Amino acid sequence: MRYNRKLPIVTFIILGLNVVGLLYEFSVGQTRAIYTYGMYQGALQDGEYLRLIVSAFLHFGFYHFASNMICLVLYGFDLENRLGSAKYALIYAVSVLGGSLLINFAGGNGIHAGASGAIWGLMTATLIYNLRNNLNPVYALRGILINLIYSFSAGVSWQGHIGGGVAGLATALVLCKGNSSNNYWRAEN
């Protein structure tokens, strides 16, 4: 049995925006880029609204970038195909904001950057989708548990991760309706 899949255009756009962020870091220097647009506690109070979004497209080096993009592909392609591009884009955007907002209010003294808060939102949204559609939740649960432990390592933004995860979970609870018949795997004629 074959299945139909649509081109995950939003995921490709998000990947492209992250590449633009990486190229920007290469052009001006990582330290300058993150200092200029990274998220920090109190950024909103300082009127630095652009940091809420732009910080999610900057990374602390190529390894940070690559690991986040691999996770984006692993969760993003599948979730976008299941939910559709509009719902998926909304979950991603709300997750970015959720991570940035928790950093704004509980970020400590550091500066934060990266797509991982939004990816956390994709993981929790995948969990909700799977639970509501009688699909195996182990894939999402495993990612969440492994990353939960990692989130409290030194130098990792637990605020971005938890804020993005909670925002993605809440948004998925609203957007992800269960199907009486799961139509993800459809036979082609």
# chains A, B, ... in the order shown; residues from 1 in each chain; ligands from 1
>>> select_by_dssp(residues="chain A", states="helix (DSSP H, G or I)", output="PyMOL selection string")
chain A and resi 9-28+30-37+51-57+62-83+85-106+116-132+138-151+158-175
>>> closest_residue(among="A:Ser157, A:Asn109, A:Asn104, A:Thr126", to="Asp46 (chain A)", atoms="only C-alpha atoms")
A:Asn104
>>> closest_residue(among="A:Leu169, A:Leu145, A:Met123, A:Ala115", to="Ala66 (chain A)", atoms="only C-alpha atoms")
A:Ala115
>>> closest_residue(among="A:Val73, A:Ile162, A:Leu141, A:Ile111", to="Leu97 (chain A)", atoms="only C-alpha atoms")
A:Ile162
>>> atom_distance(atom1="CA of Gly121 (chain A)", atom2="CA of Asn68 (chain A)")
12.6 Å
>>> closest_atom_pairs(of="region 43-118 of chain A", to="region 11-30 of chain A", cutoff="8 Å", atoms="only C-alpha atoms", output="Markdown table")
| residue | atom | partner | partner_atom | distance |
| --- | --- | --- | --- | --- |
| A:Phe57 | CA | A:Asn18 | CA | 4.8 |
| A:Leu58 | CA | A:Gly21 | CA | 5.2 |
| A:His59 | CA | A:Leu22 | CA | 7.1 |
| A:Phe60 | CA | A:Gln30 | CA | 7.2 |
| A:Gly61 | CA | A:Gln30 | CA | 7.5 |
| A:Phe65 | CA | A:Leu22 | CA | 7.7 |
| A:Met69 | CA | A:Leu15 | CA | 6.9 |
| A:Leu72 | CA | A:Thr11 | CA | 7.5 |
| A:Val73 | CA | A:Thr11 | CA | 7.3 |
| A:Gly76 | CA | A:Thr11 | CA | 5.9 |
| A:Phe77 | CA | A:Thr11 | CA | 6.5 |
| A:Glu80 | CA | A:Thr11 | CA | 7.4 |
>>> write_last_selection(atoms="N, CA and C atoms", output="tab-separated table (two decimals), in the first residue's frame")
chain	number	residue	atom	x	y	z
A	57	PHE	N	15.82	31.82	14.83
A	57	PHE	CA	16.46	31.47	13.56
A	57	PHE	C	17.98	31.64	13.62
A	58	LEU	N	18.50	31.87	14.81
A	58	LEU	CA	19.94	31.96	15.03
A	58	LEU	C	20.37	30.80	15.91
A	59	HIS	N	21.63	30.38	15.75
A	59	HIS	CA	22.12	29.22	16.50
A	59	HIS	C	23.55	29.46	16.97
A	60	PHE	N	23.90	28.76	18.04
A	60	PHE	CA	25.24	28.82	18.60
A	60	PHE	C	26.13	27.80	17.89
A	61	GLY	N	26.47	28.07	16.67
A	61	GLY	CA	27.38	27.21	15.92
A	61	GLY	C	26.65	26.21	15.03
A	65	PHE	N	22.86	24.31	15.02
A	65	PHE	CA	22.02	24.47	13.84
A	65	PHE	C	21.63	23.11	13.25
A	69	MET	N	17.93	21.34	12.92
A	69	MET	CA	17.34	21.14	11.60
A	69	MET	C	17.00	19.67	11.37
A	72	LEU	N	13.83	19.24	13.18
A	72	LEU	CA	12.76	19.92	12.44
A	72	LEU	C	12.26	19.02	11.31
A	73	VAL	N	13.18	18.40	10.59
A	73	VAL	CA	12.78	17.51	9.51
A	73	VAL	C	12.06	16.28	10.06
A	76	GLY	N	8.79	17.83	11.70
A	76	GLY	CA	8.05	18.76	10.87
A	76	GLY	C	7.42	18.16	9.64
A	77	PHE	N	8.16	17.36	8.88
A	77	PHE	CA	7.60	16.78	7.66
A	77	PHE	C	6.33	15.99	7.97
A	80	GLU	N	3.38	18.28	9.54
A	80	GLU	CA	2.77	19.16	8.53
A	80	GLU	C	1.87	18.36	7.59
>>> residues_around(residues="region 33-44 of chain A", least_positions_apart="6", cutoff="6 Å", atoms="only C-alpha atoms", output="list in words")
Glu25, Arg51, Ser55, Ile103, Asn104, Phe105, Gly107, Ile111, His112 and Ala113 of chain A
>>> closest_residue(among="A:Gly164, A:Gly155, A:Gly108, A:Pro8", to="Val96 (chain A)", atoms="only C-alpha atoms")
A:Gly164
>>> select_by_dssp(residues="region 31-158 of chain A", states="strand (DSSP E or B)", output="PDB file with C-alpha atoms, in the first residue's frame")
ATOM      1  CA  MET A  39      16.494  36.579  23.297  1.00  0.00           C
ATOM      2  CA  TYR A  40      17.158  37.593  26.888  1.00  0.00           C
ATOM      3  CA  ILE A 111      21.217  35.165  25.977  1.00  0.00           C
ATOM      4  CA  HIS A 112      19.213  32.516  24.154  1.00  0.00           C
TER       5      HIS A 112
END
>>> residues_around(residues="Leu173 (chain A)", least_positions_apart="4", cutoff="9 Å", atoms="only C-alpha atoms", output="MDAnalysis selection string")
chainID A and resid 125 128:129 168:169 177
>>> residues_around(residues="Phe152 (chain A)", least_positions_apart="6", cutoff="10 Å", atoms="only C-alpha atoms", output="ChimeraX atom specification")
/A:158-159,161
>>> atom_distance(atom1="CA of Tyr75 (chain A)", atom2="CA of Gly165 (chain A)")
13.1 Å
>>> atom_distance(atom1="CA of Ser153 (chain A)", atom2="CA of Phe62 (chain A)")
18.9 Å
>>> closest_residue(among="A:Ile9, A:Ile119, A:Leu79, A:Ala89", to="Ala56 (chain A)", atoms="only C-alpha atoms")
A:Ile119
>>> residues_around(residues="region 84-87 of chain A", least_positions_apart="6", cutoff="10 Å", atoms="only C-alpha atoms", output="JSON, numbers by chain")
{"A": [6, 7, 8, 9, 10, 11, 78, 93, 171, 172, 175, 176]}
>>> decode(residues="region 25-161 of chain A", atoms="C-alpha atoms", output="PDB file, in the first residue's frame")
ATOM      1  CA  GLU A  25      25.791  34.794  11.478  1.00  0.00           C
ATOM      2  CA  PHE A  26      28.614  33.902   9.084  1.00  0.00           C
ATOM      3  CA  SER A  27      28.493  37.355   7.494  1.00  0.00           C
ATOM      4  CA  VAL A  28      28.510  39.502  10.655  1.00  0.00           C
ATOM      5  CA  GLY A  29      29.935  37.010  13.139  1.00  0.00           C
ATOM      6  CA  GLN A  30      28.049  34.705  15.473  1.00  0.00           C
ATOM      7  CA  THR A  31      28.675  36.776  18.590  1.00  0.00           C
ATOM      8  CA  ARG A  32      27.450  39.980  16.979  1.00  0.00           C
ATOM      9  CA  ALA A  33      24.388  38.302  15.430  1.00  0.00           C
ATOM     10  CA  ILE A  34      23.291  36.688  18.675  1.00  0.00           C
ATOM     11  CA  TYR A  35      24.090  39.788  20.711  1.00  0.00           C
ATOM     12  CA  THR A  36      21.956  41.843  18.296  1.00  0.00           C
ATOM     13  CA  TYR A  37      18.977  39.459  17.976  1.00  0.00           C
ATOM     14  CA  GLY A  38      19.245  36.755  20.667  1.00  0.00           C
ATOM     15  CA  MET A  39      16.494  36.579  23.297  1.00  0.00           C
ATOM     16  CA  TYR A  40      17.158  37.593  26.888  1.00  0.00           C
ATOM     17  CA  GLN A  41      15.199  38.146  30.065  1.00  0.00           C
ATOM     18  CA  GLY A  42      13.535  41.554  29.897  1.00  0.00           C
ATOM     19  CA  ALA A  43      13.844  42.015  26.131  1.00  0.00           C
ATOM     20  CA  LEU A  44      10.173  42.917  25.778  1.00  0.00           C
ATOM     21  CA  GLN A  45      10.395  45.432  28.601  1.00  0.00           C
ATOM     22  CA  ASP A  46      13.324  46.987  26.727  1.00  0.00           C
ATOM     23  CA  GLY A  47      11.210  47.261  23.548  1.00  0.00           C
ATOM     24  CA  GLU A  48      13.214  44.556  21.728  1.00  0.00           C
ATOM     25  CA  TYR A  49      10.188  42.884  20.102  1.00  0.00           C
ATOM     26  CA  LEU A  50      12.021  41.597  17.027  1.00  0.00           C
ATOM     27  CA  ARG A  51      14.078  39.304  19.245  1.00  0.00           C
ATOM     28  CA  LEU A  52      10.945  37.261  20.018  1.00  0.00           C
ATOM     29  CA  ILE A  53      11.037  35.820  16.506  1.00  0.00           C
ATOM     30  CA  VAL A  54      14.521  36.360  15.080  1.00  0.00           C
ATOM     31  CA  SER A  55      16.249  34.587  17.977  1.00  0.00           C
ATOM     32  CA  ALA A  56      14.562  31.341  16.870  1.00  0.00           C
ATOM     33  CA  PHE A  57      16.465  31.470  13.561  1.00  0.00           C
ATOM     34  CA  LEU A  58      19.943  31.961  15.035  1.00  0.00           C
ATOM     35  CA  HIS A  59      22.122  29.220  16.501  1.00  0.00           C
ATOM     36  CA  PHE A  60      25.240  28.819  18.600  1.00  0.00           C
ATOM     37  CA  GLY A  61      27.379  27.208  15.918  1.00  0.00           C
ATOM     38  CA  PHE A  62      26.890  24.658  13.183  1.00  0.00           C
ATOM     39  CA  TYR A  63      26.293  21.657  15.487  1.00  0.00           C
ATOM     40  CA  HIS A  64      23.449  23.503  17.235  1.00  0.00           C
ATOM     41  CA  PHE A  65      22.020  24.468  13.838  1.00  0.00           C
ATOM     42  CA  ALA A  66      22.369  20.967  12.357  1.00  0.00           C
ATOM     43  CA  SER A  67      20.849  19.140  15.320  1.00  0.00           C
ATOM     44  CA  ASN A  68      17.848  21.479  15.359  1.00  0.00           C
ATOM     45  CA  MET A  69      17.342  21.144  11.600  1.00  0.00           C
ATOM     46  CA  ILE A  70      17.471  17.344  11.801  1.00  0.00           C
ATOM     47  CA  CYS A  71      14.775  17.429  14.497  1.00  0.00           C
ATOM     48  CA  LEU A  72      12.765  19.918  12.437  1.00  0.00           C
ATOM     49  CA  VAL A  73      12.781  17.509   9.509  1.00  0.00           C
ATOM     50  CA  LEU A  74      11.997  14.476  11.686  1.00  0.00           C
ATOM     51  CA  TYR A  75       8.989  16.067  13.360  1.00  0.00           C
ATOM     52  CA  GLY A  76       8.054  18.764  10.871  1.00  0.00           C
ATOM     53  CA  PHE A  77       7.601  16.775   7.665  1.00  0.00           C
ATOM     54  CA  ASP A  78       5.295  14.275   9.328  1.00  0.00           C
ATOM     55  CA  LEU A  79       3.281  16.732  11.416  1.00  0.00           C
ATOM     56  CA  GLU A  80       2.766  19.156   8.527  1.00  0.00           C
ATOM     57  CA  ASN A  81       1.441  16.308   6.372  1.00  0.00           C
ATOM     58  CA  ARG A  82      -0.917  15.196   9.109  1.00  0.00           C
ATOM     59  CA  LEU A  83      -2.252  18.601  10.160  1.00  0.00           C
ATOM     60  CA  GLY A  84      -1.951  20.621   6.991  1.00  0.00           C
ATOM     61  CA  SER A  85       0.300  23.598   6.421  1.00  0.00           C
ATOM     62  CA  ALA A  86      -1.829  26.278   8.115  1.00  0.00           C
ATOM     63  CA  LYS A  87      -2.291  24.457  11.432  1.00  0.00           C
ATOM     64  CA  TYR A  88       1.321  23.355  11.398  1.00  0.00           C
ATOM     65  CA  ALA A  89       2.564  26.911  10.781  1.00  0.00           C
ATOM     66  CA  LEU A  90       0.393  28.182  13.620  1.00  0.00           C
ATOM     67  CA  ILE A  91       1.764  25.580  16.039  1.00  0.00           C
ATOM     68  CA  TYR A  92       5.322  26.445  15.027  1.00  0.00           C
ATOM     69  CA  ALA A  93       4.767  30.202  15.392  1.00  0.00           C
ATOM     70  CA  VAL A  94       3.015  29.909  18.754  1.00  0.00           C
ATOM     71  CA  SER A  95       5.801  27.609  19.976  1.00  0.00           C
ATOM     72  CA  VAL A  96       8.451  30.169  18.966  1.00  0.00           C
ATOM     73  CA  LEU A  97       6.558  32.831  20.912  1.00  0.00           C
ATOM     74  CA  GLY A  98       6.012  30.539  23.901  1.00  0.00           C
ATOM     75  CA  GLY A  99       9.718  29.811  24.183  1.00  0.00           C
ATOM     76  CA  SER A 100      10.662  33.461  23.803  1.00  0.00           C
ATOM     77  CA  LEU A 101       8.089  34.610  26.338  1.00  0.00           C
ATOM     78  CA  LEU A 102       9.308  32.205  29.012  1.00  0.00           C
ATOM     79  CA  ILE A 103      12.860  33.389  28.332  1.00  0.00           C
ATOM     80  CA  ASN A 104      11.661  36.992  28.620  1.00  0.00           C
ATOM     81  CA  PHE A 105      10.264  36.381  32.083  1.00  0.00           C
ATOM     82  CA  ALA A 106      12.570  33.638  33.423  1.00  0.00           C
ATOM     83  CA  GLY A 107      15.647  33.631  31.187  1.00  0.00           C
ATOM     84  CA  GLY A 108      18.223  34.434  33.826  1.00  0.00           C
ATOM     85  CA  ASN A 109      21.363  36.311  32.869  1.00  0.00           C
ATOM     86  CA  GLY A 110      22.086  34.532  29.584  1.00  0.00           C
ATOM     87  CA  ILE A 111      21.217  35.165  25.977  1.00  0.00           C
ATOM     88  CA  HIS A 112      19.213  32.516  24.154  1.00  0.00           C
ATOM     89  CA  ALA A 113      18.906  31.514  20.506  1.00  0.00           C
ATOM     90  CA  GLY A 114      17.817  28.541  18.438  1.00  0.00           C
ATOM     91  CA  ALA A 115      14.838  26.732  16.978  1.00  0.00           C
ATOM     92  CA  SER A 116      14.587  24.172  19.762  1.00  0.00           C
ATOM     93  CA  GLY A 117      11.668  25.834  21.558  1.00  0.00           C
ATOM     94  CA  ALA A 118       9.608  25.585  18.386  1.00  0.00           C
ATOM     95  CA  ILE A 119      10.779  22.006  17.846  1.00  0.00           C
ATOM     96  CA  TRP A 120       9.662  21.220  21.382  1.00  0.00           C
ATOM     97  CA  GLY A 121       6.269  22.554  20.329  1.00  0.00           C
ATOM     98  CA  LEU A 122       6.283  20.168  17.364  1.00  0.00           C
ATOM     99  CA  MET A 123       7.140  17.238  19.642  1.00  0.00           C
ATOM    100  CA  THR A 124       4.302  17.994  22.071  1.00  0.00           C
ATOM    101  CA  ALA A 125       1.892  18.633  19.178  1.00  0.00           C
ATOM    102  CA  THR A 126       2.867  15.271  17.678  1.00  0.00           C
ATOM    103  CA  LEU A 127       2.102  13.634  21.008  1.00  0.00           C
ATOM    104  CA  ILE A 128      -1.354  15.246  21.159  1.00  0.00           C
ATOM    105  CA  TYR A 129      -2.094  14.367  17.531  1.00  0.00           C
ATOM    106  CA  ASN A 130      -1.076  10.749  18.051  1.00  0.00           C
ATOM    107  CA  LEU A 131      -3.076  10.382  21.259  1.00  0.00           C
ATOM    108  CA  ARG A 132      -6.195  11.894  19.678  1.00  0.00           C
ATOM    109  CA  ASN A 133      -5.917   9.691  16.587  1.00  0.00           C
ATOM    110  CA  ASN A 134      -5.143   6.366  18.254  1.00  0.00           C
ATOM    111  CA  LEU A 135      -1.573   6.347  16.938  1.00  0.00           C
ATOM    112  CA  ASN A 136       1.432   5.119  18.870  1.00  0.00           C
ATOM    113  CA  PRO A 137       2.687   7.990  21.067  1.00  0.00           C
ATOM    114  CA  VAL A 138       6.059   6.369  21.866  1.00  0.00           C
ATOM    115  CA  TYR A 139       7.956   8.256  19.147  1.00  0.00           C
ATOM    116  CA  ALA A 140       6.899  11.635  20.523  1.00  0.00           C
ATOM    117  CA  LEU A 141       7.192  10.592  24.174  1.00  0.00           C
ATOM    118  CA  ARG A 142      10.724   9.304  23.666  1.00  0.00           C
ATOM    119  CA  GLY A 143      11.800  12.595  22.067  1.00  0.00           C
ATOM    120  CA  ILE A 144      10.171  14.614  24.830  1.00  0.00           C
ATOM    121  CA  LEU A 145      11.725  12.564  27.652  1.00  0.00           C
ATOM    122  CA  ILE A 146      15.219  12.529  26.157  1.00  0.00           C
ATOM    123  CA  ASN A 147      15.074  16.247  25.491  1.00  0.00           C
ATOM    124  CA  LEU A 148      13.599  16.993  28.903  1.00  0.00           C
ATOM    125  CA  ILE A 149      16.709  15.530  30.527  1.00  0.00           C
ATOM    126  CA  TYR A 150      18.941  17.382  28.053  1.00  0.00           C
ATOM    127  CA  SER A 151      17.065  20.661  28.662  1.00  0.00           C
ATOM    128  CA  PHE A 152      18.495  20.992  32.141  1.00  0.00           C
ATOM    129  CA  SER A 153      22.118  20.570  31.035  1.00  0.00           C
ATOM    130  CA  ALA A 154      24.482  23.490  31.402  1.00  0.00           C
ATOM    131  CA  GLY A 155      24.217  25.972  28.553  1.00  0.00           C
ATOM    132  CA  VAL A 156      20.826  24.737  27.321  1.00  0.00           C
ATOM    133  CA  SER A 157      17.799  27.025  27.374  1.00  0.00           C
ATOM    134  CA  TRP A 158      15.309  25.073  29.452  1.00  0.00           C
ATOM    135  CA  GLN A 159      13.119  28.169  29.296  1.00  0.00           C
ATOM    136  CA  GLY A 160      12.975  28.080  25.502  1.00  0.00           C
ATOM    137  CA  HIS A 161      12.348  24.338  25.475  1.00  0.00           C
TER     138      HIS A 161
END
